[in-house]
>>> print(open('my_file.cif').read())   # mmCIF, C-alpha atoms and all ligand atoms
data_run
#
loop_
_atom_site.label_atom_id
_atom_site.label_comp_id
_atom_site.auth_asym_id
_atom_site.auth_seq_id
_atom_site.Cartn_x
_atom_site.Cartn_y
_atom_site.Cartn_z
CA MET A 115 -31.69 -1.16 -13.11
CA THR A 116 -30.38 -4.71 -13.07
CA GLN A 117 -26.67 -4.01 -13.58
CA SER A 118 -24.46 -1.26 -12.14
CA ILE A 119 -20.82 -1.12 -13.17
CA GLY A 120 -17.83 0.73 -11.70
CA ILE A 121 -14.18 0.49 -12.76
CA ALA A 122 -11.24 2.14 -11.03
CA ARG A 123 -7.45 2.29 -10.82
CA ALA A 124 -5.42 2.95 -7.68
CA HIS A 125 -1.65 3.04 -7.29
CA THR A 126 0.29 1.43 -4.47
CA ASN A 127 1.94 3.51 -1.80
CA ILE A 128 5.05 2.96 0.28
CA ALA A 129 4.98 4.23 3.84
CA LEU A 130 7.81 6.48 5.01
CA ILE A 131 6.27 6.54 8.48
CA LYS A 132 4.84 3.06 8.85
CA TYR A 133 1.43 1.90 9.99
CA TRP A 134 2.31 -0.99 12.26
CA GLY A 135 -0.38 -2.17 14.68
CA LYS A 136 -4.10 -1.76 15.24
CA ARG A 137 -5.88 -0.47 18.29
CA ASP A 138 -9.17 -1.87 16.89
CA LYS A 139 -8.90 -4.87 14.57
CA GLU A 140 -12.56 -4.89 13.57
CA LEU A 141 -12.56 -1.23 12.49
CA PHE A 142 -8.91 -1.13 11.35
CA LEU A 143 -8.08 1.78 13.63
CA PRO A 144 -4.29 2.15 13.78
CA MET A 145 -2.05 2.65 16.79
CA ASN A 146 -0.28 5.54 15.04
CA SER A 147 -0.76 7.93 12.16
CA SER A 148 1.34 7.14 9.08
CA LEU A 149 2.62 8.84 5.94
CA SER A 150 3.37 7.48 2.49
CA LEU A 151 4.42 8.20 -1.07
CA THR A 152 2.12 6.94 -3.83
CA LEU A 153 4.01 5.24 -6.70
CA ASP A 154 3.16 5.42 -10.38
CA ALA A 155 4.87 2.15 -11.39
CA PHE A 156 2.53 -0.18 -9.49
CA TYR A 157 -1.25 -0.26 -9.55
CA THR A 158 -4.44 -2.28 -9.46
CA ASP A 159 -7.38 -2.04 -11.87
CA THR A 160 -10.71 -3.34 -10.56
CA LYS A 161 -14.14 -3.76 -12.10
CA VAL A 162 -17.26 -4.26 -9.97
CA VAL A 163 -20.61 -5.28 -11.43
CA PHE A 164 -23.67 -5.41 -9.15
CA ASP A 165 -26.31 -7.55 -10.84
CA THR A 166 -29.80 -8.72 -9.78
CA GLU A 167 -29.18 -12.00 -11.66
CA LEU A 168 -26.27 -12.99 -9.39
CA THR A 169 -26.89 -15.40 -6.49
CA ALA A 170 -23.52 -14.83 -4.78
CA ASP A 171 -20.47 -12.58 -4.94
CA SER A 172 -17.60 -13.81 -7.09
CA PHE A 173 -14.02 -12.61 -7.42
CA SER A 174 -11.29 -13.16 -9.97
CA LEU A 175 -7.77 -11.84 -9.42
CA ASN A 176 -5.35 -11.74 -12.33
CA GLN A 177 -7.87 -13.76 -14.37
CA LYS A 178 -7.98 -16.61 -11.85
CA GLU A 179 -11.10 -17.41 -9.84
CA GLN A 180 -10.29 -17.03 -6.15
CA SER A 181 -10.87 -19.32 -3.14
CA GLU A 182 -13.88 -19.09 -0.83
CA LYS A 183 -11.65 -17.40 1.73
CA GLU A 184 -10.68 -14.62 -0.69
CA ILE A 185 -14.31 -14.21 -1.87
CA GLU A 186 -15.37 -13.94 1.77
CA LYS A 187 -12.93 -11.03 2.27
CA ILE A 188 -14.39 -9.25 -0.76
CA SER A 189 -17.98 -9.92 0.37
CA ARG A 190 -17.29 -8.50 3.83
CA PHE A 191 -15.85 -5.41 2.19
CA LEU A 192 -18.80 -5.01 -0.21
CA ASN A 193 -21.16 -5.41 2.76
CA LEU A 194 -19.84 -2.13 4.18
CA PHE A 195 -21.21 -0.37 1.10
CA ARG A 196 -24.35 -2.53 0.88
CA GLU A 197 -25.21 -1.75 4.48
CA TYR A 198 -24.46 1.95 3.97
CA ILE A 199 -27.12 2.36 1.27
CA GLY A 200 -29.34 -0.71 1.69
CA GLU A 201 -28.10 -2.38 -1.50
CA LYS A 202 -29.23 -6.00 -1.88
CA ARG A 203 -27.52 -7.15 -5.08
CA PHE A 204 -24.48 -9.41 -5.23
CA ALA A 205 -21.48 -8.42 -7.29
CA ARG A 206 -18.91 -9.82 -9.67
CA VAL A 207 -15.45 -8.39 -8.92
CA GLU A 208 -12.56 -8.68 -11.37
CA SER A 209 -9.17 -7.28 -10.53
CA LEU A 210 -5.77 -7.04 -12.22
CA ASN A 211 -2.65 -6.38 -10.17
CA PHE A 212 0.14 -4.60 -12.02
CA VAL A 213 2.18 -5.25 -8.89
CA PRO A 214 3.30 -8.58 -7.38
CA THR A 215 0.61 -9.89 -5.01
CA ALA A 216 1.38 -10.31 -1.30
CA ALA A 217 5.12 -9.71 -1.73
CA GLY A 218 5.51 -6.65 0.47
CA LEU A 219 5.00 -4.31 -2.50
CA ALA A 220 1.63 -3.10 -1.19
CA SER A 221 -0.79 -4.94 -3.48
CA SER A 222 -3.41 -4.79 -0.72
CA ALA A 223 -3.09 -0.98 -0.67
CA SER A 224 -3.83 -0.46 -4.36
CA ALA A 225 -6.34 -3.35 -4.25
CA PHE A 226 -8.74 -1.99 -1.66
CA ALA A 227 -8.42 1.61 -2.82
CA ALA A 228 -9.38 0.51 -6.36
CA LEU A 229 -12.17 -1.72 -5.04
CA ALA A 230 -13.55 1.07 -2.86
CA LEU A 231 -13.64 3.57 -5.71
CA ALA A 232 -15.04 1.05 -8.22
CA THR A 233 -17.77 0.04 -5.75
CA ALA A 234 -18.70 3.62 -4.90
CA SER A 235 -18.83 4.50 -8.56
CA ALA A 236 -20.97 1.45 -9.43
CA LEU A 237 -23.40 2.44 -6.67
CA GLN A 238 -23.19 6.13 -7.61
CA LEU A 239 -22.30 7.14 -4.08
CA ASP A 240 -21.50 10.77 -3.57
CA LEU A 241 -18.49 10.44 -1.24
CA SER A 242 -15.38 12.58 -0.99
CA MET A 243 -12.03 10.80 -1.37
CA GLU A 244 -11.45 11.37 2.37
CA GLN A 245 -14.74 9.62 3.19
CA LEU A 246 -13.97 6.87 0.70
CA SER A 247 -10.64 6.34 2.46
CA THR A 248 -12.56 5.34 5.62
CA PHE A 249 -14.21 2.54 3.60
CA ALA A 250 -10.93 1.46 1.96
CA ARG A 251 -9.35 1.30 5.43
CA ARG A 252 -11.68 -1.57 6.39
CA GLY A 253 -10.26 -3.72 3.55
CA SER A 254 -6.62 -3.03 4.36
CA GLY A 255 -5.29 -0.16 6.46
CA SER A 256 -2.60 0.98 4.03
CA SER A 257 -5.16 1.27 1.19
CA THR A 258 -6.56 4.33 2.95
CA ARG A 259 -3.56 6.27 1.65
CA SER A 260 -3.80 5.00 -1.94
CA LEU A 261 -6.84 7.11 -2.74
CA PHE A 262 -4.49 10.09 -3.06
CA GLY A 263 -1.33 10.87 -5.00
CA GLY A 264 2.00 12.21 -3.74
CA PHE A 265 2.70 12.33 -0.01
CA VAL A 266 -0.34 11.24 1.97
CA GLU A 267 -1.04 11.12 5.69
CA TRP A 268 -3.41 8.63 7.29
CA GLU A 269 -4.61 10.36 10.41
CA MET A 270 -5.20 7.76 13.12
CA GLY A 271 -8.34 9.65 14.20
CA THR A 272 -10.53 9.01 17.20
CA CYS A 273 -13.16 6.75 15.61
CA SER A 274 -14.09 5.05 12.34
CA GLU A 275 -15.36 8.26 10.70
CA ASP A 276 -12.25 10.38 11.25
CA SER A 277 -9.52 7.78 10.76
CA LEU A 278 -8.84 8.86 7.18
CA ALA A 279 -6.27 9.88 4.62
CA ARG A 280 -5.42 13.38 3.43
CA PRO A 281 -3.02 14.55 0.74
CA ILE A 282 -0.04 16.42 2.23
CA ASP A 283 2.05 17.39 -0.78
CA PRO A 284 2.00 16.47 -4.51
CA ALA A 285 5.63 15.19 -4.33
CA ASP A 286 6.37 16.95 -7.62
CA TRP A 287 9.88 18.02 -6.59
CA ASP A 288 12.54 15.76 -8.07
CA LEU A 289 11.65 12.56 -6.20
CA ALA A 290 11.73 8.91 -7.16
CA MET A 291 11.72 5.49 -5.55
CA LEU A 292 13.72 2.48 -6.63
CA VAL A 293 12.53 -0.99 -5.74
CA LEU A 294 15.24 -3.59 -5.32
CA ALA A 295 13.12 -6.67 -5.94
CA VAL A 296 14.91 -9.21 -3.76
CA ASP A 297 12.06 -11.72 -3.92
CA THR A 298 8.55 -11.11 -5.25
CA SER A 299 7.02 -14.47 -4.31
CA GLN A 300 4.25 -14.54 -1.69
CA LYS A 301 5.43 -13.87 1.82
CA LYS A 302 4.92 -16.31 4.69
CA VAL A 303 3.69 -13.85 7.32
CA ALA A 304 0.97 -11.45 6.10
CA SER A 305 1.27 -7.86 7.36
CA ARG A 306 -1.92 -8.34 9.33
CA GLU A 307 -0.67 -11.33 11.32
CA GLY A 308 2.81 -9.86 11.68
CA MET A 309 1.60 -6.59 13.18
CA ASP A 310 -0.92 -8.27 15.51
CA HIS A 311 1.75 -10.63 16.83
CA THR A 312 4.14 -7.71 17.34
CA VAL A 313 1.60 -5.58 19.21
CA ALA A 314 0.80 -8.54 21.45
CA THR A 315 4.34 -9.64 22.28
CA SER A 316 7.10 -7.11 21.59
CA PRO A 317 8.40 -5.29 24.66
CA PHE A 318 9.65 -2.59 22.27
CA TYR A 319 6.20 -1.95 20.81
CA GLN A 320 5.30 1.00 23.04
CA ALA A 321 8.55 2.71 22.03
CA TRP A 322 7.49 2.30 18.42
CA VAL A 323 4.16 4.05 19.07
CA ASP A 324 5.75 6.81 21.13
CA THR A 325 8.48 7.64 18.61
CA ALA A 326 6.32 7.27 15.48
CA LYS A 327 4.41 10.35 16.56
CA ALA A 328 7.55 12.48 16.71
CA ASP A 329 8.78 10.99 13.39
CA LEU A 330 5.54 11.99 11.71
CA ALA A 331 5.70 15.58 12.93
CA ALA A 332 9.34 15.85 11.84
CA ILE A 333 8.80 14.37 8.37
CA LYS A 334 5.82 16.66 7.70
CA LYS A 335 8.00 19.65 8.53
CA ALA A 336 10.80 18.32 6.30
CA ILE A 337 8.34 17.75 3.43
CA ALA A 338 6.98 21.29 3.81
CA GLU A 339 10.57 22.59 3.63
CA ARG A 340 11.41 20.22 0.76
CA ASP A 341 14.38 19.05 2.75
CA PHE A 342 15.09 15.80 0.90
CA ASP A 343 17.83 14.52 3.19
CA LYS A 344 15.75 15.11 6.29
CA VAL A 345 12.78 13.28 4.74
CA GLY A 346 15.01 10.33 3.81
CA GLN A 347 16.80 10.13 7.15
CA ILE A 348 13.55 10.15 9.11
CA ALA A 349 12.00 7.54 6.81
CA GLU A 350 15.02 5.21 7.01
CA HIS A 351 15.12 5.41 10.79
CA ASN A 352 11.36 4.88 11.11
CA GLY A 353 11.42 1.80 8.86
CA MET A 354 14.28 0.22 10.79
CA LYS A 355 12.42 0.78 14.05
CA MET A 356 9.37 -1.02 12.68
CA HIS A 357 11.50 -4.03 11.77
CA ALA A 358 13.16 -3.94 15.19
CA THR A 359 9.74 -4.62 16.71
CA THR A 360 9.43 -7.87 14.73
CA LEU A 361 12.84 -9.05 15.91
CA SER A 362 11.75 -8.37 19.47
CA ALA A 363 8.37 -10.12 19.14
CA ASN A 364 7.95 -13.47 20.88
CA PRO A 365 8.55 -15.76 19.07
CA PRO A 366 10.70 -13.39 17.01
CA PHE A 367 10.44 -13.14 13.24
CA THR A 368 11.68 -10.98 10.39
CA TYR A 369 10.52 -10.06 6.89
CA TRP A 370 14.14 -9.75 5.76
CA ASN A 371 16.13 -12.49 4.09
CA ALA A 372 19.80 -12.75 3.20
CA GLY A 373 19.13 -10.97 -0.09
CA SER A 374 17.59 -8.02 1.78
CA LEU A 375 20.81 -7.55 3.73
CA LEU A 376 22.88 -7.67 0.55
CA ALA A 377 20.56 -5.11 -1.07
CA GLN A 378 20.83 -2.85 1.98
CA GLU A 379 24.61 -3.16 1.88
CA ALA A 380 24.58 -2.24 -1.82
CA VAL A 381 22.64 0.94 -1.06
CA ARG A 382 25.06 1.92 1.72
CA GLN A 383 28.06 1.24 -0.52
CA VAL A 384 26.67 3.17 -3.48
CA ARG A 385 25.66 6.21 -1.51
CA GLN A 386 29.10 6.34 0.00
CA ASP A 387 30.90 5.82 -3.34
CA LEU A 388 28.77 8.33 -5.26
CA GLY A 389 28.10 10.75 -2.45
CA VAL A 390 24.47 10.72 -3.58
CA SER A 391 21.52 10.82 -1.19
CA ALA A 392 19.50 7.58 -1.14
CA TYR A 393 17.47 6.26 1.78
CA MET A 394 16.05 2.81 2.42
CA THR A 395 12.76 1.55 3.70
CA MET A 396 11.24 -1.93 3.88
CA ASP A 397 7.75 -3.28 4.46
CA ALA A 398 6.28 -6.65 5.31
CA GLY A 399 8.46 -8.46 2.79
CA PRO A 400 12.13 -8.87 1.78
CA ASN A 401 12.25 -6.11 -0.87
CA VAL A 402 14.21 -2.91 -0.35
CA LYS A 403 12.81 0.44 -1.48
CA VAL A 404 15.10 3.41 -1.98
CA LEU A 405 13.93 7.00 -1.82
CA CYS A 406 16.09 9.20 -4.05
CA ARG A 407 16.03 12.28 -6.26
CA ALA A 408 14.59 11.63 -9.74
CA SER A 409 17.62 13.41 -11.19
CA ASP A 410 19.93 10.85 -9.50
CA VAL A 411 18.09 7.75 -10.76
CA ASP A 412 20.39 6.94 -13.72
CA LYS A 413 23.53 7.36 -11.64
CA LEU A 414 22.15 5.28 -8.77
CA VAL A 415 20.76 2.49 -10.94
CA GLY A 416 24.07 2.30 -12.82
CA ALA A 417 26.04 1.97 -9.59
CA LEU A 418 23.56 -0.35 -7.87
CA SER A 419 23.67 -2.68 -10.89
CA GLN A 420 27.26 -3.46 -9.98
CA HIS A 421 25.97 -5.07 -6.78
CA PHE A 422 22.38 -6.11 -7.57
CA PRO A 423 20.79 -7.61 -10.76
CA ALA A 424 19.86 -4.67 -13.02
CA ASP A 425 16.64 -6.35 -14.18
CA LYS A 426 15.47 -6.52 -10.55
CA ILE A 427 15.71 -2.75 -10.04
CA ILE A 428 12.41 -1.03 -10.77
CA THR A 429 12.23 2.76 -10.92
CA SER A 430 9.07 4.60 -9.94
CA LEU A 431 8.14 8.25 -9.88
CA PRO A 432 5.50 9.56 -7.48
CA GLY A 433 2.02 8.46 -8.54
CA LYS A 434 -1.43 9.97 -8.80
CA GLY A 435 -4.52 9.34 -6.72
CA ALA A 436 -7.20 6.78 -7.58
CA SER A 437 -9.37 7.42 -10.62
CA GLN A 438 -12.35 5.96 -12.41
CA LEU A 439 -11.76 4.05 -15.63
CA THR A 440 -13.95 3.54 -18.69
CA GLU A 441 -14.83 0.18 -20.25
CA ALA A 442 -12.31 1.00 -23.02
CA ASP A 443 -9.60 1.55 -20.36
CA TRP A 444 -10.53 -1.80 -18.83
CA GLN A 445 -10.22 -3.60 -22.18
CA ALA A 446 -6.79 -1.98 -22.62
CA SER A 447 -5.77 -3.20 -19.14
CA LEU A 448 -6.86 -6.74 -19.97
CA GLU A 449 -4.72 -6.62 -23.10
CA ARG A 450 -1.73 -5.22 -21.23
CA PHE A 451 -2.10 -7.88 -18.57
CA GLY A 452 -2.37 -10.63 -21.20
CA ALA A 453 0.72 -9.29 -22.94
CA GLY A 454 2.72 -9.70 -19.73
CA GLY A 455 2.28 -6.15 -18.47
CA GLN A 456 2.05 -7.56 -14.96
CA LEU A 457 5.26 -7.74 -13.00
P1 LIG A 501 1.06 -6.85 0.09
O1 LIG A 501 2.42 -6.59 0.59
O2 LIG A 501 1.07 -7.25 -1.35
O3 LIG A 501 0.09 -5.72 0.36
P2 LIG A 501 -0.56 -8.28 2.03
O4 LIG A 501 -0.34 -9.64 2.65
O5 LIG A 501 -0.65 -7.11 2.92
O6 LIG A 501 0.57 -8.11 0.93
O7 LIG A 501 -1.88 -8.32 1.18
C1 LIG A 501 -2.07 -9.26 0.16
C2 LIG A 501 -3.52 -9.69 0.15
O8 LIG A 501 -4.34 -8.61 -0.36
C3 LIG A 501 -3.80 -10.83 -0.82
O9 LIG A 501 -3.52 -12.08 -0.21
C4 LIG A 501 -5.27 -10.64 -1.11
O10 LIG A 501 -6.07 -11.16 -0.06
C5 LIG A 501 -5.42 -9.13 -1.10
N1 LIG A 501 -5.34 -8.61 -2.47
C6 LIG A 501 -4.23 -8.40 -3.22
N2 LIG A 501 -4.56 -7.91 -4.43
C7 LIG A 501 -5.89 -7.82 -4.46
C8 LIG A 501 -6.82 -7.33 -5.43
N3 LIG A 501 -6.41 -6.84 -6.60
N4 LIG A 501 -8.14 -7.31 -5.09
C9 LIG A 501 -8.54 -7.73 -3.87
N5 LIG A 501 -7.72 -8.20 -2.92
C10 LIG A 501 -6.41 -8.24 -3.21
C1 LIG A 502 4.48 -2.60 6.71
O1 LIG A 502 -2.22 -2.36 5.33
O2 LIG A 502 -1.29 -4.58 4.62
O3 LIG A 502 3.27 -2.01 4.75
O4 LIG A 502 -4.51 -3.28 7.56
O5 LIG A 502 -3.98 -5.62 8.21
O6 LIG A 502 -4.43 -5.07 5.81
P1 LIG A 502 -3.89 -4.59 7.14
O7 LIG A 502 -2.31 -4.33 6.91
P2 LIG A 502 -1.56 -3.61 5.72
O8 LIG A 502 -0.18 -3.27 6.47
C2 LIG A 502 0.79 -2.45 5.92
C3 LIG A 502 2.03 -2.54 6.74
C4 LIG A 502 3.25 -1.88 6.16
C5 LIG A 502 3.37 -0.42 6.57
C6 LIG A 502 2.48 0.57 5.86
O9 LIG A 502 2.11 0.38 4.70
O10 LIG A 502 2.19 1.61 6.50
#
>>> encode(input="my_file.cif", output="structure tokens")
Amino acid sequence: MTQSIGIARAHTNIALIKYWGKRDKELFLPMNSSLSLTLDAFYTDTKVVFDTELTADSFSLNQKEQSEKEIEKISRFLNLFREYIGEKRFARVESLNFVPTAAGLASSASAFAALALATASALQLDLSMEQLSTFARRGSGSSTRSLFGGFVEWEMGTCSEDSLARPIDPADWDLAMLVLAVDTSQKKVASREGMDHTVATSPFYQAWVDTAKADLAAIKKAIAERDFDKVGQIAEHNGMKMHATTLSANPPFTYWNAGSLLAQEAVRQVRQDLGVSAYMTMDAGPNVKVLCRASDVDKLVGALSQHFPADKIITSLPGKGASQLTEADWQASLERFGAGGQL
């Protein structure tokens, strides 16, 4: 066979208990286990074609050919699969992000989950989603969790084989997430560099690791009990602690900007005015995500729009796990992308 094709979609996920720091950078083994909610509003579609005629890997993202540096990242990732089964062919990778790239909205999570599934399907590998998550992890840690829908835990594990994601709960109980898109341009400090610098220099880092463990146990219990307020309170506190480690790094830095603080203030004001539960979390970028009940979305968006531009508030319900796509699905994605379906 000269050509083998795989196409897949994966949704992004937002961590409620953050992954922040690696104990092994080569293997992407995290310092702590983490837990996320997969979102249906944001996703990546990726097509992988292994072909004997190709003399090198190539990679286009959002219909633009990528730099050598980006191709190198993809090649290193494909090598994990090539080495696993002794595959010699190069591949053409095409990917469409229906999520802003490198803006702290987790494009790398949906990206490497989609790439892992598309590659495994092209090579007809018989891997469980848990096993596949150990491959995805090596592209970007957070992508481990995007193989599954709903609430997902990435267990830190003891080695490369057992540092994997597992679904915890389908999140089908009146939940939603709002994204207050403060700024969706590319961030200056990638998550990877930001977390490495923090691990190396923040005197608060060990406190982060120690308390993340207790946060995880508590949020899993709250999810099992469907205690929305508990889930939100734990998530908000955990996210703030992560950002406190960047402020205490040396030299210090932050992913927040002035707009992030205004967005946070809007959330505090609205939840006080409406008496509605809504909890914030932020990642390696200036955007603010708000965990709320799906049944409160209209009320919250209406009130938040008094403080924040309405067209910059994106509503998402919990999303599904990664899935394979057909060629017809791919053609439809290309059309949607061309028609401005990207954010
Ligand atoms: P984000 O907050 O969007 O996840 P990161 O800095 O963590 O930001 O990751 C962004 C990087 O992920 C990009 O610079 C690129 O290298 C990679 N990436 C994003 N989208 C894709 C994609 N669809 N396919 C492959 N790699 C991607
Ligand atoms: C703040 O998964 O992007 O979003 O593994 O180096 O690619 P690498 O980092 P990445 O970091 C995500 C950091 C975070 C928290 C989280 O998603 O858990």
>>> residues_near_ligand(input="my_file.cif", ligand="ligand LIG 501 (chain A)", cutoff="9 Å", atoms="all atoms listed in the file", output="ChimeraX atom specification")
/A:126,157-160,173-176,183-185,187-188,207-226,228-229,253-254,256-257,300-307,397-399
>>> residues_around(input="my_file.cif", residues="region 378-389 of chain A", least_positions_apart="6", cutoff="10 Å", atoms="all atoms listed in the file", output="ChimeraX atom specification")
/A:294,395-396,401-404,413-422
>>> residues_around(input="my_file.cif", residues="Asn193 (chain A)", least_positions_apart="6", cutoff="12 Å", atoms="all atoms listed in the file", output="PyMOL selection string")
chain A and resi 171+186-187+199-205+230+233+249+252-253
>>> write_last_selection(input="my_file.cif", atoms="C-alpha atoms", output="PDB file, in the coordinates of the input")
ATOM      1  CA  ASP A 171     -20.470 -12.580  -4.940  1.00  0.00           C
ATOM      2  CA  GLU A 186     -15.370 -13.940   1.770  1.00  0.00           C
ATOM      3  CA  LYS A 187     -12.930 -11.030   2.270  1.00  0.00           C
ATOM      4  CA  ILE A 199     -27.120   2.360   1.270  1.00  0.00           C
ATOM      5  CA  GLY A 200     -29.340  -0.710   1.690  1.00  0.00           C
ATOM      6  CA  GLU A 201     -28.100  -2.380  -1.500  1.00  0.00           C
ATOM      7  CA  LYS A 202     -29.230  -6.000  -1.880  1.00  0.00           C
ATOM      8  CA  ARG A 203     -27.520  -7.150  -5.080  1.00  0.00           C
ATOM      9  CA  PHE A 204     -24.480  -9.410  -5.230  1.00  0.00           C
ATOM     10  CA  ALA A 205     -21.480  -8.420  -7.290  1.00  0.00           C
ATOM     11  CA  ALA A 230     -13.550   1.070  -2.860  1.00  0.00           C
ATOM     12  CA  THR A 233     -17.770   0.040  -5.750  1.00  0.00           C
ATOM     13  CA  PHE A 249     -14.210   2.540   3.600  1.00  0.00           C
ATOM     14  CA  ARG A 252     -11.680  -1.570   6.390  1.00  0.00           C
ATOM     15  CA  GLY A 253     -10.260  -3.720   3.550  1.00  0.00           C
TER      16      GLY A 253
END
>>> closest_residue(input="my_file.cif", among="A:Asp286, A:Ser316, A:Arg196, A:Met354", to="ligand LIG 502 (chain A)", atoms="only C-alpha atoms and all ligand atoms")
A:Met354
>>> axis_aligned_box(input="my_file.cif", around="ligand LIG 502 (chain A)", padding_each_side="4 Å", output="JSON")
{"center_x": 0.0, "center_y": -2.0, "center_z": 6.4, "size_x": 17.0, "size_y": 15.2, "size_z": 11.6}
>>> residues_around(input="my_file.cif", residues="Met243 (chain A)", least_positions_apart="2", cutoff="8 Å", atoms="all atoms listed in the file", output="list in words")
Leu241, Gln245, Leu246, Ser247, Leu261 and Phe262 of chain A
>>> atom_distance(input="my_file.cif", atom1="CA of Asp283 (chain A)", atom2="CA of Leu239 (chain A)")
26.6 Å
>>> build_atoms(input="my_file.cif", residues="region 370-387 of chain A", atoms="N, CA and C atoms", output="tab-separated table (two decimals), in the frame of the given file")
chain	number	residue	atom	x	y	z
A	370	TRP	N	12.92	-9.83	6.56
A	370	TRP	CA	14.14	-9.75	5.76
A	370	TRP	C	14.66	-11.15	5.45
A	371	ASN	N	15.37	-11.27	4.34
A	371	ASN	CA	16.13	-12.49	4.09
A	371	ASN	C	17.58	-12.08	3.77
A	372	ALA	N	18.38	-13.06	3.43
A	372	ALA	CA	19.80	-12.75	3.20
A	372	ALA	C	19.94	-11.75	2.06
A	373	GLY	N	19.09	-11.89	1.05
A	373	GLY	CA	19.13	-10.97	-0.09
A	373	GLY	C	18.80	-9.53	0.32
A	374	SER	N	17.94	-9.38	1.32
A	374	SER	CA	17.59	-8.02	1.78
A	374	SER	C	18.82	-7.34	2.36
A	375	LEU	N	19.60	-8.13	3.11
A	375	LEU	CA	20.81	-7.55	3.73
A	375	LEU	C	21.83	-7.17	2.67
A	376	LEU	N	21.94	-8.00	1.63
A	376	LEU	CA	22.88	-7.67	0.55
A	376	LEU	C	22.41	-6.40	-0.17
A	377	ALA	N	21.10	-6.30	-0.38
A	377	ALA	CA	20.56	-5.11	-1.07
A	377	ALA	C	20.79	-3.86	-0.21
A	378	GLN	N	20.59	-3.98	1.08
A	378	GLN	CA	20.83	-2.85	1.98
A	378	GLN	C	22.30	-2.43	1.92
A	379	GLU	N	23.17	-3.44	1.91
A	379	GLU	CA	24.61	-3.16	1.88
A	379	GLU	C	24.98	-2.46	0.57
A	380	ALA	N	24.33	-2.87	-0.52
A	380	ALA	CA	24.58	-2.24	-1.82
A	380	ALA	C	24.20	-0.76	-1.77
A	381	VAL	N	23.08	-0.46	-1.15
A	381	VAL	CA	22.64	0.94	-1.06
A	381	VAL	C	23.65	1.74	-0.24
A	382	ARG	N	24.09	1.20	0.87
A	382	ARG	CA	25.06	1.92	1.72
A	382	ARG	C	26.36	2.18	0.95
A	383	GLN	N	26.81	1.13	0.24
A	383	GLN	CA	28.06	1.24	-0.52
A	383	GLN	C	27.95	2.32	-1.60
A	384	VAL	N	26.85	2.26	-2.35
A	384	VAL	CA	26.67	3.17	-3.48
A	384	VAL	C	26.53	4.61	-3.02
A	385	ARG	N	25.82	4.81	-1.93
A	385	ARG	CA	25.66	6.21	-1.51
A	385	ARG	C	26.98	6.77	-0.99
A	386	GLN	N	27.78	5.89	-0.44
A	386	GLN	CA	29.10	6.34	0.00
A	386	GLN	C	30.02	6.61	-1.20
A	387	ASP	N	30.02	5.67	-2.16
A	387	ASP	CA	30.90	5.82	-3.34
A	387	ASP	C	30.53	7.05	-4.16
